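Enquirer: Sharing a structure with you now.
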Amino acid sequence: MAVTFTPDQQATIDARGSSILVSAAAGSGKTAVLVERIIQMVSDGEHPVDIDRLLVVTFTNAAAAQMRERITQALSARVDDNPGNAHLLKQLTLIHNAQITTIDSFCLYIIRNHFDEIDLDPDFRVADDGEIKLLMQDVLAQMLEDYFTEGREDFLACVEYFAPTGKEKRLEEQILGLYEFAMSYPWPGEWLELHKEDYAVSPENLEECRWVGLLEDYVRIMLAEAGDSLDQARMLCEEADGPYMYLDTLEADKNTIDRLASAESLQELYERFSVLSFGRISSKKDDSVSPEKREKAREIRNSVKDLLNGLAKKYFYASPQAQAERMAACAPYVSCLLSLTDDFRMRLDAKKREKNLMDFHDMEHMALQILTEKREDGVYPTAAAREMREYYAEIMIDEYQDSNFIQEALLSAVSGEEEGRWNRFMVGDIKQSIYGFRLARPELFLEKYHTYAKDGESQQRIDLDKNFRSRPEVLATANYVFRKLMSPELGGIVYDEAASLHAGAAFPALPEMEEEKTETWHAAYETELLLLDDKAPELEDDKSRETKMETEAAAVAARIREMVGN
């Protein structure tokens, strides 16, 4: 039976001639839409595209395998309907070599076809994580031993600063952490060099420092969040059974926030935070006031107090001048740490070349080296990149919210948007960005989300906000949670109707029940929250589950078993 697509899904399938960002909510049918778009492109009656001229990048090997299987099935169905169509038969042959792949596999494809351009031994081997970790530890230990033997004063001072009392492990952790962060950038050596002067500030040029502006912006965002929270508490107090006796204190708190927000400089913020204080909240009793609303208002106010006191403690413990002096004092140690990290990076690269090994970072950076040439006046595509630009009709990227800067540089290099080649198709959902610990950069998605217009000619945004997977009751709860959590400051978007999940599937209505059972029946369709205390004795003693996810899964399974009875 033919699938019927919604207007937004059909627009996603049909859009041509522009780079497209698809903001696809959970359960919105994005995989079906992506597969149908590919099928439509390869079977177009006027301008058909061979399947191997599409670059489809997914996040995992499993997702790539599933995508290839679904495309193959869809192509086979088309061939069954058009058995004499030679072009479609050809696609079934080409599908086996089509670039439906992960980013690391695509990088390997580039390297294997252009290894001679970067003087790489073609017999290289991809090392596993364990082997690389051991190699990193060996290289780092040897490097530090060399520096200790040399005994340079700047190095010994850096060790004493970051690893006092002989705890060199702390220094090693700092170097490894900086290395991983730098490697998520296209040119890690330049990134490390660029940030050597970040702490070289003086009280005289304080207001010109980049971090001052960033700190001021962050504090004002937090103050706005605190003001919004207080507004919620005040609205609660103004309800018929609300704790009206708190209004005067909440009004005074709001004035405090407004005064902080009106500060025109970092110095003024410091002066006002340094005298931060809060009045006592009323203890007046009134039986007409809802105990729940009284407690909720107090909780909101306490959270605001904690937020403001936290800002004062973390950022305004000393005057900006004193902080600038402290930063200047530690600037040489930070610069030395960055130099150590860069030396470690180069030594590790040399050791991997010596052993003819490669890891995930190498795949990305070697592929970028093949595709781009960095000059003083900018970054230019190489002959290999231009060849790929001519070959690939479209670059499709799934889970785009989990891309990082170097992956963006790689896919931009084979797209050529700076030359007017608007042929990127990016699918993602900012609400599902969960790989920050892997240095994913959801701001790449957000920047396009805010700049691509819904009717854009070269850069177009399409929202798929209908969820076909869950009942309205589930979606309502998910929307409630996200509205509380997400804002332009936290999450990067306004969680409004456009960002919300909307029911797309028709579920059977609740059956009619006997009157006395109706309330119980409807309660079964309400969203349920399971809270696990991972310190509970029964969970701490259970050694059969190694991860928190396994414990959560077992709890859900137990609840389902309890509900269905078997």
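Residues are referred to by chain and number: the chain letter is A, B, ... according to the order shown in the structure tokens, the number counts from 1 in that chain, and ligands are numbered separately from 1 in the order shown.
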List the neighbours of Met67 in chain A out to 10 Å using only C-alpha atoms; skip same-chain residues closer than 4 positions along the sequence, and give me the result as a list of chain:residue names.
Expert: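 Listing them by chain and then by number gives A:Thr31, A:Ala32, A:Leu34, A:Val35, A:Val56, A:Thr58, A:Asn61, A:Ala62, A:Ala63, A:Ile71, A:Thr72, A:Gln73, A:Ile100, A:Thr101.
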Enquirer: Which is closest to Met143 in chain A among A:Phe344, A:Tyr246, A:Tyr495, A:Trp187, if we use only C-alpha atoms?
Expert: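 Comparing A:Phe344, A:Tyr246, A:Tyr495, A:Trp187 against Met143 in chain A, the winner is A:Phe344.
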Enquirer: Quick one: distance from CA of His502 in chain A to CA of Asp465 in chain A in Å, one decimal?
Expert: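 Atom-to-atom, CA of His502 in chain A to CA of Asp465 in chain A, that is 6.0 Å.
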Enquirer: Check range 334-522 of chain A with DSSP on the backbone and list each residue it calls strand (DSSP E or B), as number ranges by chain.
Expert: A: 357-358, 372-375, 378-381, 394-397, 424-428, 453, 459-464, 466-467, 487, 491, 502-503
Enquirer: Tell me which of A:Arg170, A:Cys336, A:Gly227, A:Pro164 sits closest to Tyr199 in chain A, counting only C-alpha atoms.
Expert: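 That would be A:Cys336, the residue with the smallest distance to Tyr199 in chain A.
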Enquirer: Based on DSSP run over this structure's backbone, return all residues of range 279-321 of chain A in helix (DSSP H, G or I), as a PDB file with N, CA and C atoms, in the first residue's frame.
Expert:
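Result written to out-v3.pdb:
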ATOM      1  N   PRO A 291      -1.482  24.773  50.350  1.00  0.00           N
ATOM      2  CA  PRO A 291      -0.141  24.378  50.800  1.00  0.00           C
ATOM      3  C   PRO A 291       0.792  24.048  49.636  1.00  0.00           C
ATOM      4  N   GLU A 292       0.221  23.432  48.576  1.00  0.00           N
ATOM      5  CA  GLU A 292       1.042  23.074  47.416  1.00  0.00           C
ATOM      6  C   GLU A 292       1.582  24.325  46.726  1.00  0.00           C
ATOM      7  N   LYS A 293       0.717  25.352  46.583  1.00  0.00           N
ATOM      8  CA  LYS A 293       1.158  26.585  45.914  1.00  0.00           C
ATOM      9  C   LYS A 293       2.138  27.367  46.788  1.00  0.00           C
ATOM     10  N   ARG A 294       1.926  27.315  48.092  1.00  0.00           N
ATOM     11  CA  ARG A 294       2.875  27.958  49.008  1.00  0.00           C
ATOM     12  C   ARG A 294       4.262  27.327  48.857  1.00  0.00           C
ATOM     13  N   GLU A 295       4.278  25.986  48.844  1.00  0.00           N
ATOM     14  CA  GLU A 295       5.556  25.277  48.728  1.00  0.00           C
ATOM     15  C   GLU A 295       6.201  25.519  47.368  1.00  0.00           C
ATOM     16  N   LYS A 296       5.384  25.537  46.307  1.00  0.00           N
ATOM     17  CA  LYS A 296       5.918  25.759  44.971  1.00  0.00           C
ATOM     18  C   LYS A 296       6.540  27.142  44.851  1.00  0.00           C
ATOM     19  N   ALA A 297       5.861  28.163  45.375  1.00  0.00           N
ATOM     20  CA  ALA A 297       6.394  29.523  45.312  1.00  0.00           C
ATOM     21  C   ALA A 297       7.716  29.626  46.066  1.00  0.00           C
ATOM     22  N   ARG A 298       7.792  28.971  47.225  1.00  0.00           N
ATOM     23  CA  ARG A 298       9.035  28.982  47.998  1.00  0.00           C
ATOM     24  C   ARG A 298      10.153  28.273  47.227  1.00  0.00           C
ATOM     25  N   GLU A 299       9.815  27.159  46.563  1.00  0.00           N
ATOM     26  CA  GLU A 299      10.818  26.425  45.784  1.00  0.00           C
ATOM     27  C   GLU A 299      11.376  27.300  44.662  1.00  0.00           C
ATOM     28  N   ILE A 300      10.476  28.003  43.963  1.00  0.00           N
ATOM     29  CA  ILE A 300      10.923  28.855  42.862  1.00  0.00           C
ATOM     30  C   ILE A 300      11.846  29.946  43.387  1.00  0.00           C
ATOM     31  N   ARG A 301      11.437  30.585  44.490  1.00  0.00           N
ATOM     32  CA  ARG A 301      12.253  31.664  45.035  1.00  0.00           C
ATOM     33  C   ARG A 301      13.614  31.146  45.498  1.00  0.00           C
ATOM     34  N   ASN A 302      13.629  29.985  46.137  1.00  0.00           N
ATOM     35  CA  ASN A 302      14.905  29.418  46.592  1.00  0.00           C
ATOM     36  C   ASN A 302      15.818  29.095  45.417  1.00  0.00           C
ATOM     37  N   SER A 303      15.233  28.619  44.312  1.00  0.00           N
ATOM     38  CA  SER A 303      16.063  28.323  43.133  1.00  0.00           C
ATOM     39  C   SER A 303      16.672  29.598  42.566  1.00  0.00           C
ATOM     40  N   VAL A 304      15.912  30.705  42.595  1.00  0.00           N
ATOM     41  CA  VAL A 304      16.438  31.985  42.119  1.00  0.00           C
ATOM     42  C   VAL A 304      17.567  32.464  43.033  1.00  0.00           C
ATOM     43  N   LYS A 305      17.368  32.350  44.342  1.00  0.00           N
ATOM     44  CA  LYS A 305      18.419  32.737  45.288  1.00  0.00           C
ATOM     45  C   LYS A 305      19.685  31.915  45.060  1.00  0.00           C
ATOM     46  N   ASP A 306      19.519  30.600  44.860  1.00  0.00           N
ATOM     47  CA  ASP A 306      20.678  29.733  44.617  1.00  0.00           C
ATOM     48  C   ASP A 306      21.405  30.141  43.349  1.00  0.00           C
ATOM     49  N   LEU A 307      20.636  30.498  42.309  1.00  0.00           N
ATOM     50  CA  LEU A 307      21.246  30.904  41.043  1.00  0.00           C
ATOM     51  C   LEU A 307      22.074  32.168  41.228  1.00  0.00           C
ATOM     52  N   LEU A 308      21.492  33.186  41.859  1.00  0.00           N
ATOM     53  CA  LEU A 308      22.191  34.456  42.017  1.00  0.00           C
ATOM     54  C   LEU A 308      23.387  34.317  42.962  1.00  0.00           C
ATOM     55  N   ASN A 309      23.217  33.597  44.061  1.00  0.00           N
ATOM     56  CA  ASN A 309      24.346  33.381  44.970  1.00  0.00           C
ATOM     57  C   ASN A 309      25.462  32.596  44.292  1.00  0.00           C
ATOM     58  N   GLY A 310      25.060  31.650  43.399  1.00  0.00           N
ATOM     59  CA  GLY A 310      26.058  30.886  42.650  1.00  0.00           C
ATOM     60  C   GLY A 310      26.857  31.767  41.707  1.00  0.00           C
ATOM     61  N   LEU A 311      26.178  32.694  41.027  1.00  0.00           N
ATOM     62  CA  LEU A 311      26.885  33.634  40.143  1.00  0.00           C
ATOM     63  C   LEU A 311      27.863  34.492  40.944  1.00  0.00           C
ATOM     64  N   ALA A 312      27.389  34.989  42.102  1.00  0.00           N
ATOM     65  CA  ALA A 312      28.249  35.838  42.932  1.00  0.00           C
ATOM     66  C   ALA A 312      29.496  35.075  43.377  1.00  0.00           C
ATOM     67  N   LYS A 313      29.304  33.817  43.780  1.00  0.00           N
ATOM     68  CA  LYS A 313      30.421  33.027  44.299  1.00  0.00           C
ATOM     69  C   LYS A 313      31.401  32.631  43.198  1.00  0.00           C
ATOM     70  N   LYS A 314      30.863  32.329  42.022  1.00  0.00           N
ATOM     71  CA  LYS A 314      31.716  31.804  40.955  1.00  0.00           C
ATOM     72  C   LYS A 314      32.437  32.891  40.169  1.00  0.00           C
ATOM     73  N   TYR A 315      31.752  34.030  39.935  1.00  0.00           N
ATOM     74  CA  TYR A 315      32.314  35.032  39.028  1.00  0.00           C
ATOM     75  C   TYR A 315      32.654  36.359  39.691  1.00  0.00           C
ATOM     76  N   PRO A 320      37.066  42.760  39.231  1.00  0.00           N
ATOM     77  CA  PRO A 320      37.609  42.446  37.897  1.00  0.00           C
ATOM     78  C   PRO A 320      39.106  42.717  37.802  1.00  0.00           C
ATOM     79  N   GLN A 321      39.577  43.772  38.470  1.00  0.00           N
ATOM     80  CA  GLN A 321      41.012  44.076  38.429  1.00  0.00           C
ATOM     81  C   GLN A 321      41.823  42.970  39.102  1.00  0.00           C
TER      82      GLN A 321
END
Enquirer: When you look at range 282-288 of chain A with a cut-off of 8 Å (counting only C-alpha atoms), what residues show up, excluding the ones that are within fewer than 5 positions of it in the same chain? I need them as a list in words.
Expert: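 Here the qualifying residues turn out to be Asp241, Met245, Tyr246 and Thr249 of chain A.
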Enquirer: Looking at only C-alpha atoms, which of A:Pro332, A:Pro442, A:Ser290, A:Ser319 is the one that sits closest to Pro243 in chain A?
Expert: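 Checking each candidate against Pro243 in chain A, we get A:Ser290 as the closest.
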Enquirer: Quote the spacing between CA of Ser415 in chain A and CA of Ser458 in chain A in Å to one decimal place.
Expert: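 So the answer is 13.4 Å.
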